[in-house]
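> Would you mind keeping the following structure in view while I ask a few things?
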Amino acid sequence: MQPTLPQPIDLMTEPIESIEVSLGDRSYPIWISTGLTESAEQPHFAKYFRAAVGDCTHVVLIHDAAVSNTIASRVEQQLDQAGIRITNVSIPSGETSKSVSMLDSIWNTMLESGTDRRSVVIAVGGGVVGDLAGFAAASFTRGLRFVQVPTTLLSMVDSSVGGKTGINLPGGKNMVGSFWQPQMVWIDTQSLSTLPDRDFISGMAEVIKYGVIEDAEFFSWLQDKAARLIEKDAETLRYAIRKSCESKARVVAEDERETSGRRAILNYGHTFAHAIEATAGYGVCLHGEAVSIGMQMAAHLAIDMELCDRSLLEEQTAVLSAAKLPLAWKDADPEKMLPVMSRDKKVLHGKLRFVLPDRIGHVAMVGDVPSEKVIAAILACRDEPKG
Ligand SMILES: NC(=O)c1ccc[n+]([C@@H]2O[C@H](COP(=O)([O-])OP(=O)(O)OC[C@H]3O[C@@H](n4cnc5c(N)ncnc54)[C@H](O)[C@@H]3O)[C@@H](O)[C@H]2O)c1
Ligand SMILES: O=C(O)C(=O)C[C@@H](O)[C@H](O)[C@H](O)COP(=O)(O)O
Ligand SMILES: [Zn+2]
């Protein structure tokens, strides 16, 4: 039997927006709506899913335990009604699930449930489940089609787009993984209504990142709107999600596999952030919190390297503070962080490179940074115990 090819959506009566991630024959849509997954009578998700993947008789539905009985269950109902067999995999919440043992367990469930090369993996959850399920999809039988249903702010604006998948090793974040693009990204902003505030705020760090690295106009908008955003004002939020996805799609389209260096701008603050996450113990400092502190460390380093003046740090500090993000890490310890930083994926021929800002809306890749300056940047963002 000939497989059915993905079909274009020709009749669009739903209140939905789309952004294309343009990658030639790996291009895909990001659909953004509010409340379309909920509708029991109208199986919107199933319709867009079919349009994106074409033929499908079996789905491996991998979901974060926090959304298993809500969003994942709606998705399951719609696929079930469409006659698709479903293998459910619920993943314990938290960063520690991005592990070799969890991946091993998913692979075995896939094997036992008769997953084959025409099965489709759907990730429903935040960046943890997206990265983990994406790597399971990329690796099982050398590659299965994959769909992202992000349910946190961070995963809507960043991790579900661009195809970076993977797991952590105890000594390094995202050290094992692959580039594996999804067939579509389905964002329903209504999912955010149940997201705890701490996780929502964590996602704001990646939103603010886009303003600093490549969109000065968006940064000025954020200067005005960051406080309103954390109150989850629906329209403001949807605009921020769209602008962030456009920014990520633009960068990824220019350098899908981080080979030219363009994509590395998305790693602003991350050399420090990943070292904070690994040395604190995964999940102690959330990824977005670590990115916020890491961006502050990078801005201090940029000033020390005479790439920019203090006004950049002050403006960045003001927006991060308005979003209630942390600016310092009490246990920031250069002695522990530097060995982890030396394994950063931007290291080339043993030499560490940093993404540093020279003005709001622009960053540069900088090598040959003296380690005393790196240490000083870390110490500049260490909270000393009070009293
Ligand atoms: N692949 C990429 O390009 C990329 C980009 C950025 C971050 N990441 C990765 O993403 C991860 C962080 O993602 P995250 O911030 O989404 O964290 P997460 O996946 O751990 O989700 C945060 C918390 O929210 C809960 N949750 C998820 N959706 C919910 C909902 N709708 N309602 C209630 N609770 C909900 C989860 O159970 C979890 O406790 C990190 O591992 C980071 O490395 C990857
Ligand atoms: O998509 C990218 O490229 C990014 O760098 C986005 C980051 O926000 C994200 O945290 C990513 O997972 C980091 O990638 P890594 O290659 O440094 O592990
Ligand atoms: Zn990140």
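Residue numbering restarts at 1 in every chain; chains get A, B, ... in the order shown in the structure tokens, and ligands count up from 1 in that same order.
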Name all residues at most 9 Å from Ala322 of chain A (count only C-alpha atoms; drop same-chain ones fewer than 4 positions away) and give them as a ChimeraX atom specification.
/A:223,225-227,230,317-318
> I need the residues in segment 184-258 of chain A that are alpha helix (DSSP H) according to DSSP; give them as a PDB file with N, CA and C atoms, in the first residue's frame.

```pdb
ATOM      1  N   ASP A 197       3.888  28.771  38.747  1.00  0.00           N
ATOM      2  CA  ASP A 197       4.544  30.059  38.458  1.00  0.00           C
ATOM      3  C   ASP A 197       6.052  29.928  38.281  1.00  0.00           C
ATOM      4  N   ARG A 198       6.676  29.102  39.106  1.00  0.00           N
ATOM      5  CA  ARG A 198       8.144  29.006  39.022  1.00  0.00           C
ATOM      6  C   ARG A 198       8.565  28.506  37.628  1.00  0.00           C
ATOM      7  N   ASP A 199       7.825  27.540  37.091  1.00  0.00           N
ATOM      8  CA  ASP A 199       8.162  27.005  35.764  1.00  0.00           C
ATOM      9  C   ASP A 199       7.840  28.020  34.669  1.00  0.00           C
ATOM     10  N   PHE A 200       6.760  28.767  34.865  1.00  0.00           N
ATOM     11  CA  PHE A 200       6.405  29.798  33.885  1.00  0.00           C
ATOM     12  C   PHE A 200       7.519  30.847  33.828  1.00  0.00           C
ATOM     13  N   ILE A 201       7.945  31.308  34.991  1.00  0.00           N
ATOM     14  CA  ILE A 201       8.981  32.346  35.045  1.00  0.00           C
ATOM     15  C   ILE A 201      10.293  31.825  34.448  1.00  0.00           C
ATOM     16  N   SER A 202      10.581  30.566  34.714  1.00  0.00           N
ATOM     17  CA  SER A 202      11.791  29.959  34.139  1.00  0.00           C
ATOM     18  C   SER A 202      11.786  30.104  32.607  1.00  0.00           C
ATOM     19  N   GLY A 203      10.627  29.890  31.990  1.00  0.00           N
ATOM     20  CA  GLY A 203      10.516  30.016  30.533  1.00  0.00           C
ATOM     21  C   GLY A 203      10.760  31.437  30.040  1.00  0.00           C
ATOM     22  N   MET A 204      10.502  32.424  30.900  1.00  0.00           N
ATOM     23  CA  MET A 204      10.696  33.823  30.509  1.00  0.00           C
ATOM     24  C   MET A 204      12.155  34.126  30.167  1.00  0.00           C
ATOM     25  N   ALA A 205      13.080  33.373  30.758  1.00  0.00           N
ATOM     26  CA  ALA A 205      14.509  33.634  30.489  1.00  0.00           C
ATOM     27  C   ALA A 205      14.820  33.434  29.006  1.00  0.00           C
ATOM     28  N   GLU A 206      14.242  32.364  28.415  1.00  0.00           N
ATOM     29  CA  GLU A 206      14.535  32.102  26.995  1.00  0.00           C
ATOM     30  C   GLU A 206      13.835  33.141  26.113  1.00  0.00           C
ATOM     31  N   VAL A 207      12.664  33.643  26.562  1.00  0.00           N
ATOM     32  CA  VAL A 207      11.974  34.696  25.810  1.00  0.00           C
ATOM     33  C   VAL A 207      12.867  35.942  25.767  1.00  0.00           C
ATOM     34  N   ILE A 208      13.377  36.334  26.935  1.00  0.00           N
ATOM     35  CA  ILE A 208      14.207  37.542  27.028  1.00  0.00           C
ATOM     36  C   ILE A 208      15.506  37.352  26.232  1.00  0.00           C
ATOM     37  N   LYS A 209      16.006  36.100  26.244  1.00  0.00           N
ATOM     38  CA  LYS A 209      17.230  35.781  25.471  1.00  0.00           C
ATOM     39  C   LYS A 209      17.104  36.239  24.013  1.00  0.00           C
ATOM     40  N   TYR A 210      15.944  35.966  23.363  1.00  0.00           N
ATOM     41  CA  TYR A 210      15.802  36.332  21.942  1.00  0.00           C
ATOM     42  C   TYR A 210      15.985  37.840  21.735  1.00  0.00           C
ATOM     43  N   GLY A 211      15.476  38.626  22.688  1.00  0.00           N
ATOM     44  CA  GLY A 211      15.619  40.078  22.570  1.00  0.00           C
ATOM     45  C   GLY A 211      17.084  40.485  22.611  1.00  0.00           C
ATOM     46  N   VAL A 212      17.841  39.885  23.510  1.00  0.00           N
ATOM     47  CA  VAL A 212      19.251  40.277  23.655  1.00  0.00           C
ATOM     48  C   VAL A 212      20.075  39.802  22.458  1.00  0.00           C
ATOM     49  N   ILE A 213      19.783  38.591  21.967  1.00  0.00           N
ATOM     50  CA  ILE A 213      20.688  38.036  20.939  1.00  0.00           C
ATOM     51  C   ILE A 213      20.400  38.520  19.528  1.00  0.00           C
ATOM     52  N   GLU A 214      19.104  38.780  19.200  1.00  0.00           N
ATOM     53  CA  GLU A 214      18.876  39.118  17.790  1.00  0.00           C
ATOM     54  C   GLU A 214      17.653  39.959  17.477  1.00  0.00           C
ATOM     55  N   ALA A 216      16.345  43.565  18.863  1.00  0.00           N
ATOM     56  CA  ALA A 216      16.356  44.714  19.778  1.00  0.00           C
ATOM     57  C   ALA A 216      14.948  45.291  19.955  1.00  0.00           C
ATOM     58  N   GLU A 217      14.150  45.229  18.879  1.00  0.00           N
ATOM     59  CA  GLU A 217      12.789  45.769  18.966  1.00  0.00           C
ATOM     60  C   GLU A 217      11.947  44.953  19.963  1.00  0.00           C
ATOM     61  N   PHE A 218      12.100  43.631  19.882  1.00  0.00           N
ATOM     62  CA  PHE A 218      11.390  42.747  20.826  1.00  0.00           C
ATOM     63  C   PHE A 218      11.880  43.021  22.252  1.00  0.00           C
ATOM     64  N   PHE A 219      13.185  43.288  22.394  1.00  0.00           N
ATOM     65  CA  PHE A 219      13.729  43.589  23.725  1.00  0.00           C
ATOM     66  C   PHE A 219      13.043  44.846  24.285  1.00  0.00           C
ATOM     67  N   SER A 220      12.899  45.899  23.453  1.00  0.00           N
ATOM     68  CA  SER A 220      12.239  47.120  23.975  1.00  0.00           C
ATOM     69  C   SER A 220      10.795  46.822  24.350  1.00  0.00           C
ATOM     70  N   TRP A 221      10.138  45.985  23.549  1.00  0.00           N
ATOM     71  CA  TRP A 221       8.756  45.599  23.890  1.00  0.00           C
ATOM     72  C   TRP A 221       8.733  44.903  25.252  1.00  0.00           C
ATOM     73  N   LEU A 222       9.720  44.033  25.473  1.00  0.00           N
ATOM     74  CA  LEU A 222       9.790  43.299  26.749  1.00  0.00           C
ATOM     75  C   LEU A 222      10.064  44.245  27.920  1.00  0.00           C
ATOM     76  N   GLN A 223      10.853  45.306  27.673  1.00  0.00           N
ATOM     77  CA  GLN A 223      11.126  46.273  28.750  1.00  0.00           C
ATOM     78  C   GLN A 223       9.808  46.823  29.278  1.00  0.00           C
ATOM     79  N   ASP A 224       8.870  46.977  28.378  1.00  0.00           N
ATOM     80  CA  ASP A 224       7.571  47.518  28.728  1.00  0.00           C
ATOM     81  C   ASP A 224       6.627  46.446  29.290  1.00  0.00           C
ATOM     82  N   LYS A 225       6.726  45.226  28.758  1.00  0.00           N
ATOM     83  CA  LYS A 225       5.674  44.221  28.976  1.00  0.00           C
ATOM     84  C   LYS A 225       6.053  43.039  29.880  1.00  0.00           C
ATOM     85  N   ALA A 226       7.304  42.948  30.331  1.00  0.00           N
ATOM     86  CA  ALA A 226       7.717  41.743  31.083  1.00  0.00           C
ATOM     87  C   ALA A 226       6.822  41.510  32.306  1.00  0.00           C
ATOM     88  N   ALA A 227       6.513  42.578  33.019  1.00  0.00           N
ATOM     89  CA  ALA A 227       5.721  42.424  34.241  1.00  0.00           C
ATOM     90  C   ALA A 227       4.312  41.917  33.908  1.00  0.00           C
ATOM     91  N   ARG A 228       3.751  42.431  32.809  1.00  0.00           N
ATOM     92  CA  ARG A 228       2.401  42.013  32.379  1.00  0.00           C
ATOM     93  C   ARG A 228       2.413  40.547  31.914  1.00  0.00           C
ATOM     94  N   LEU A 229       3.529  40.170  31.313  1.00  0.00           N
ATOM     95  CA  LEU A 229       3.651  38.792  30.820  1.00  0.00           C
ATOM     96  C   LEU A 229       3.564  37.779  31.953  1.00  0.00           C
ATOM     97  N   ALA A 234      -3.391  37.082  28.373  1.00  0.00           N
ATOM     98  CA  ALA A 234      -3.479  36.150  27.236  1.00  0.00           C
ATOM     99  C   ALA A 234      -2.913  36.696  25.928  1.00  0.00           C
ATOM    100  N   GLU A 235      -3.289  37.947  25.587  1.00  0.00           N
ATOM    101  CA  GLU A 235      -2.836  38.484  24.286  1.00  0.00           C
ATOM    102  C   GLU A 235      -1.347  38.770  24.281  1.00  0.00           C
ATOM    103  N   THR A 236      -0.871  39.336  25.395  1.00  0.00           N
ATOM    104  CA  THR A 236       0.556  39.664  25.512  1.00  0.00           C
ATOM    105  C   THR A 236       1.375  38.382  25.417  1.00  0.00           C
ATOM    106  N   LEU A 237       0.866  37.364  26.080  1.00  0.00           N
ATOM    107  CA  LEU A 237       1.563  36.081  26.115  1.00  0.00           C
ATOM    108  C   LEU A 237       1.642  35.458  24.721  1.00  0.00           C
ATOM    109  N   ARG A 238       0.538  35.506  24.016  1.00  0.00           N
ATOM    110  CA  ARG A 238       0.518  34.890  22.689  1.00  0.00           C
ATOM    111  C   ARG A 238       1.471  35.627  21.735  1.00  0.00           C
ATOM    112  N   TYR A 239       1.528  36.953  21.887  1.00  0.00           N
ATOM    113  CA  TYR A 239       2.450  37.733  21.052  1.00  0.00           C
ATOM    114  C   TYR A 239       3.902  37.324  21.364  1.00  0.00           C
ATOM    115  N   ALA A 240       4.217  37.197  22.658  1.00  0.00           N
ATOM    116  CA  ALA A 240       5.596  36.840  23.052  1.00  0.00           C
ATOM    117  C   ALA A 240       5.964  35.444  22.549  1.00  0.00           C
ATOM    118  N   ILE A 241       5.006  34.530  22.595  1.00  0.00           N
ATOM    119  CA  ILE A 241       5.277  33.160  22.118  1.00  0.00           C
ATOM    120  C   ILE A 241       5.534  33.201  20.600  1.00  0.00           C
ATOM    121  N   ARG A 242       4.704  33.962  19.886  1.00  0.00           N
ATOM    122  CA  ARG A 242       4.882  34.017  18.429  1.00  0.00           C
ATOM    123  C   ARG A 242       6.228  34.651  18.066  1.00  0.00           C
ATOM    124  N   LYS A 243       6.554  35.767  18.706  1.00  0.00           N
ATOM    125  CA  LYS A 243       7.831  36.439  18.392  1.00  0.00           C
ATOM    126  C   LYS A 243       9.015  35.522  18.704  1.00  0.00           C
ATOM    127  N   SER A 244       8.918  34.788  19.813  1.00  0.00           N
ATOM    128  CA  SER A 244      10.017  33.891  20.196  1.00  0.00           C
ATOM    129  C   SER A 244      10.163  32.763  19.181  1.00  0.00           C
ATOM    130  N   CYS A 245       9.027  32.170  18.784  1.00  0.00           N
ATOM    131  CA  CYS A 245       9.086  31.070  17.793  1.00  0.00           C
ATOM    132  C   CYS A 245       9.624  31.581  16.466  1.00  0.00           C
ATOM    133  N   GLU A 246       9.233  32.813  16.093  1.00  0.00           N
ATOM    134  CA  GLU A 246       9.749  33.363  14.822  1.00  0.00           C
ATOM    135  C   GLU A 246      11.257  33.532  14.904  1.00  0.00           C
ATOM    136  N   SER A 247      11.707  34.003  16.040  1.00  0.00           N
ATOM    137  CA  SER A 247      13.141  34.219  16.229  1.00  0.00           C
ATOM    138  C   SER A 247      13.893  32.895  16.142  1.00  0.00           C
ATOM    139  N   LYS A 248      13.384  31.893  16.847  1.00  0.00           N
ATOM    140  CA  LYS A 248      14.073  30.594  16.842  1.00  0.00           C
ATOM    141  C   LYS A 248      14.039  29.987  15.445  1.00  0.00           C
ATOM    142  N   ALA A 249      12.869  30.070  14.783  1.00  0.00           N
ATOM    143  CA  ALA A 249      12.737  29.477  13.438  1.00  0.00           C
ATOM    144  C   ALA A 249      13.718  30.137  12.471  1.00  0.00           C
ATOM    145  N   ARG A 250      13.879  31.449  12.598  1.00  0.00           N
ATOM    146  CA  ARG A 250      14.797  32.209  11.732  1.00  0.00           C
ATOM    147  C   ARG A 250      16.231  31.698  11.899  1.00  0.00           C
ATOM    148  N   VAL A 251      16.655  31.573  13.143  1.00  0.00           N
ATOM    149  CA  VAL A 251      18.048  31.178  13.408  1.00  0.00           C
ATOM    150  C   VAL A 251      18.281  29.728  12.974  1.00  0.00           C
ATOM    151  N   VAL A 252      17.338  28.860  13.305  1.00  0.00           N
ATOM    152  CA  VAL A 252      17.497  27.432  12.971  1.00  0.00           C
ATOM    153  C   VAL A 252      17.533  27.251  11.444  1.00  0.00           C
ATOM    154  N   ALA A 253      16.698  28.032  10.735  1.00  0.00           N
ATOM    155  CA  ALA A 253      16.676  27.907   9.263  1.00  0.00           C
ATOM    156  C   ALA A 253      18.019  28.297   8.664  1.00  0.00           C
ATOM    157  N   GLU A 254      18.739  29.185   9.355  1.00  0.00           N
ATOM    158  CA  GLU A 254      20.041  29.624   8.826  1.00  0.00           C
ATOM    159  C   GLU A 254      21.147  28.626   9.101  1.00  0.00           C
TER     160      GLU A 254
END
```
> Identify, counting only C-alpha atoms and all ligand atoms, the protein, DNA and RNA residues located within 7 Å of ligand 3, and give them as a list in words.
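The residues within 7 Å of ligand 3, counting only C-alpha atoms and all ligand atoms, are Glu206, Asn267, His270, His287, Gly288 and Val291 of chain A.
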> Within 6 Å of ligand 1, counting only C-alpha atoms and all ligand atoms: which residues, as a PDB file with N, CA and C atoms, in the first residue's frame?

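As written to disk, selection11.pdb reads:
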```
ATOM      1  N   ASP A  64       4.567  13.934  30.121  1.00  0.00           N
ATOM      2  CA  ASP A  64       4.963  14.277  31.483  1.00  0.00           C
ATOM      3  C   ASP A  64       3.808  13.894  32.416  1.00  0.00           C
ATOM      4  N   ALA A  66       2.677  15.193  34.896  1.00  0.00           N
ATOM      5  CA  ALA A  66       1.830  16.329  35.306  1.00  0.00           C
ATOM      6  C   ALA A  66       0.714  16.623  34.309  1.00  0.00           C
ATOM      7  N   VAL A  67       0.843  16.142  33.074  1.00  0.00           N
ATOM      8  CA  VAL A  67      -0.204  16.426  32.080  1.00  0.00           C
ATOM      9  C   VAL A  67      -0.824  15.146  31.504  1.00  0.00           C
ATOM     10  N   SER A  93       7.904  13.688  36.362  1.00  0.00           N
ATOM     11  CA  SER A  93       8.272  15.082  36.111  1.00  0.00           C
ATOM     12  C   SER A  93       9.675  15.393  36.615  1.00  0.00           C
ATOM     13  N   GLY A  94      10.354  16.273  35.919  1.00  0.00           N
ATOM     14  CA  GLY A  94      11.625  16.804  36.417  1.00  0.00           C
ATOM     15  C   GLY A  94      12.823  16.453  35.553  1.00  0.00           C
ATOM     16  N   GLU A  95      13.850  17.280  35.704  1.00  0.00           N
ATOM     17  CA  GLU A  95      15.065  17.199  34.884  1.00  0.00           C
ATOM     18  C   GLU A  95      15.770  15.847  34.978  1.00  0.00           C
ATOM     19  N   GLY A 125       4.463  17.607  26.879  1.00  0.00           N
ATOM     20  CA  GLY A 125       5.082  18.023  28.135  1.00  0.00           C
ATOM     21  C   GLY A 125       6.014  19.190  27.895  1.00  0.00           C
ATOM     22  N   GLY A 126       6.913  19.406  28.840  1.00  0.00           N
ATOM     23  CA  GLY A 126       7.879  20.497  28.719  1.00  0.00           C
ATOM     24  C   GLY A 126       9.129  20.045  27.990  1.00  0.00           C
ATOM     25  N   GLY A 127      10.193  20.817  28.177  1.00  0.00           N
ATOM     26  CA  GLY A 127      11.447  20.527  27.476  1.00  0.00           C
ATOM     27  C   GLY A 127      12.043  19.186  27.855  1.00  0.00           C
ATOM     28  N   VAL A 128      11.796  18.733  29.082  1.00  0.00           N
ATOM     29  CA  VAL A 128      12.367  17.452  29.513  1.00  0.00           C
ATOM     30  C   VAL A 128      11.799  16.322  28.657  1.00  0.00           C
ATOM     31  N   VAL A 129      10.466  16.268  28.588  1.00  0.00           N
ATOM     32  CA  VAL A 129       9.835  15.187  27.815  1.00  0.00           C
ATOM     33  C   VAL A 129      10.096  15.378  26.316  1.00  0.00           C
ATOM     34  N   ASP A 131      12.753  16.726  24.838  1.00  0.00           N
ATOM     35  CA  ASP A 131      14.143  16.325  24.516  1.00  0.00           C
ATOM     36  C   ASP A 131      14.302  14.801  24.586  1.00  0.00           C
ATOM     37  N   THR A 151       3.938  21.944  26.553  1.00  0.00           N
ATOM     38  CA  THR A 151       2.930  22.377  27.536  1.00  0.00           C
ATOM     39  C   THR A 151       3.485  23.343  28.589  1.00  0.00           C
ATOM     40  N   THR A 152       4.758  23.746  28.432  1.00  0.00           N
ATOM     41  CA  THR A 152       5.317  24.777  29.321  1.00  0.00           C
ATOM     42  C   THR A 152       5.687  25.979  28.457  1.00  0.00           C
ATOM     43  N   LEU A 154       8.544  27.508  28.421  1.00  0.00           N
ATOM     44  CA  LEU A 154       9.879  27.283  27.868  1.00  0.00           C
ATOM     45  C   LEU A 154       9.834  26.378  26.631  1.00  0.00           C
ATOM     46  N   SER A 155       9.042  25.324  26.725  1.00  0.00           N
ATOM     47  CA  SER A 155       9.008  24.399  25.577  1.00  0.00           C
ATOM     48  C   SER A 155       8.269  25.004  24.395  1.00  0.00           C
ATOM     49  N   ASP A 158      10.923  27.610  22.873  1.00  0.00           N
ATOM     50  CA  ASP A 158      12.303  27.215  22.580  1.00  0.00           C
ATOM     51  C   ASP A 158      12.462  25.733  22.266  1.00  0.00           C
ATOM     52  N   SER A 159      12.286  24.854  23.283  1.00  0.00           N
ATOM     53  CA  SER A 159      12.766  23.477  23.105  1.00  0.00           C
ATOM     54  C   SER A 159      11.997  22.657  22.071  1.00  0.00           C
ATOM     55  N   LYS A 164      16.738  20.025  18.417  1.00  0.00           N
ATOM     56  CA  LYS A 164      17.766  19.505  19.335  1.00  0.00           C
ATOM     57  C   LYS A 164      17.081  18.544  20.299  1.00  0.00           C
ATOM     58  N   THR A 165      17.538  17.302  20.352  1.00  0.00           N
ATOM     59  CA  THR A 165      16.968  16.322  21.277  1.00  0.00           C
ATOM     60  C   THR A 165      18.110  15.713  22.085  1.00  0.00           C
ATOM     61  N   SER A 191      -2.824  25.401  27.725  1.00  0.00           N
ATOM     62  CA  SER A 191      -2.104  24.447  28.583  1.00  0.00           C
ATOM     63  C   SER A 191      -1.384  25.156  29.729  1.00  0.00           C
ATOM     64  N   LEU A 192      -1.044  26.438  29.493  1.00  0.00           N
ATOM     65  CA  LEU A 192      -0.247  27.140  30.509  1.00  0.00           C
ATOM     66  C   LEU A 192      -1.053  27.474  31.759  1.00  0.00           C
ATOM     67  N   THR A 194      -2.343  25.656  33.914  1.00  0.00           N
ATOM     68  CA  THR A 194      -2.031  24.830  35.088  1.00  0.00           C
ATOM     69  C   THR A 194      -0.531  24.847  35.445  1.00  0.00           C
ATOM     70  N   LEU A 195       0.256  25.550  34.649  1.00  0.00           N
ATOM     71  CA  LEU A 195       1.721  25.529  34.880  1.00  0.00           C
ATOM     72  C   LEU A 195       2.082  26.316  36.144  1.00  0.00           C
ATOM     73  N   ASP A 199       7.825  27.540  37.091  1.00  0.00           N
ATOM     74  CA  ASP A 199       8.162  27.005  35.764  1.00  0.00           C
ATOM     75  C   ASP A 199       7.840  28.020  34.669  1.00  0.00           C
ATOM     76  N   GLY A 203      10.627  29.890  31.990  1.00  0.00           N
ATOM     77  CA  GLY A 203      10.516  30.016  30.533  1.00  0.00           C
ATOM     78  C   GLY A 203      10.760  31.437  30.040  1.00  0.00           C
ATOM     79  N   HIS A 287      16.244  25.074  34.381  1.00  0.00           N
ATOM     80  CA  HIS A 287      17.033  25.498  33.219  1.00  0.00           C
ATOM     81  C   HIS A 287      16.920  27.007  32.957  1.00  0.00           C
TER      82      HIS A 287
END
```
> Check segment 18-238 of chain A with DSSP on the backbone and list each residue it calls strand (DSSP E or B), as number ranges by chain.
A: 18-21, 28-33, 58-64, 85-91, 120-125, 145-150, 164-169, 172-179, 184-188
> Calculate how many Å separate atom CA of Met341 of chain A from atom CA of Pro92 of chain A, rounding to one decimal.
28.0 Å
> Take atom CA of Met295 of chain A and atom CA of Gln316 of chain A and report the distance between them in Å, one decimal.
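Separation of atom CA of Met295 of chain A and atom CA of Gln316 of chain A: 8.5 Å.
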> Would you pick out the contacts of Ile16 of chain A at 10 Å or less, using only C-alpha atoms, so that residues sharing its chain but fewer than 4 positions from it are not included, and give the list as a PyMOL selection string?
chain A and resi 12+31-36+187-188
> As an exercise, work out the distance from atom CA of Ile360 of chain A to atom CA of Asp215 of chain A in Å and give it to one decimal place.
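We find that atom CA of Ile360 of chain A and atom CA of Asp215 of chain A lie 7.8 Å from each other.
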> Env of Pro326 of chain A: 8 Å cut, atoms = only C-alpha atoms, seq-sep filter 5 positions within chain, self excluded. Answer as a list in words.
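Non-adjacent residues within range: Glu289, Ser292, Ile293, Leu320 and Ser321 of chain A.
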> Write out as a PyMOL selection string each polymer residue whose atoms come within 9 Å of Ile62 of chain A, counting only C-alpha atoms; drop sequence neighbours fewer than 5 positions from it.
chain A and resi 68+72+87-91+106+121-125+129-130+133
> Just write the chosen residues, C-alpha atoms, as a PDB file, in the first residue's frame.

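Writing done, so here's part29.pdb:
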```
ATOM      1  CA  SER A  68      -0.996  12.715  31.605  1.00  0.00           C
ATOM      2  CA  ALA A  72      -2.187  14.057  26.947  1.00  0.00           C
ATOM      3  CA  THR A  87       1.066   3.133  23.430  1.00  0.00           C
ATOM      4  CA  ASN A  88       1.113   5.395  26.488  1.00  0.00           C
ATOM      5  CA  VAL A  89       4.348   6.244  28.324  1.00  0.00           C
ATOM      6  CA  SER A  90       4.084   8.526  31.356  1.00  0.00           C
ATOM      7  CA  ILE A  91       7.374  10.122  32.457  1.00  0.00           C
ATOM      8  CA  ILE A 106      11.213   3.987  26.642  1.00  0.00           C
ATOM      9  CA  VAL A 121       6.212   9.480  18.566  1.00  0.00           C
ATOM     10  CA  ILE A 122       4.306  12.363  20.174  1.00  0.00           C
ATOM     11  CA  ALA A 123       5.840  14.263  23.102  1.00  0.00           C
ATOM     12  CA  VAL A 124       3.371  16.007  25.421  1.00  0.00           C
ATOM     13  CA  GLY A 125       5.082  18.023  28.135  1.00  0.00           C
ATOM     14  CA  VAL A 129       9.835  15.187  27.815  1.00  0.00           C
ATOM     15  CA  GLY A 130      10.366  16.873  24.434  1.00  0.00           C
ATOM     16  CA  ALA A 133      11.012  11.600  23.553  1.00  0.00           C
TER      17      ALA A 133
END
```
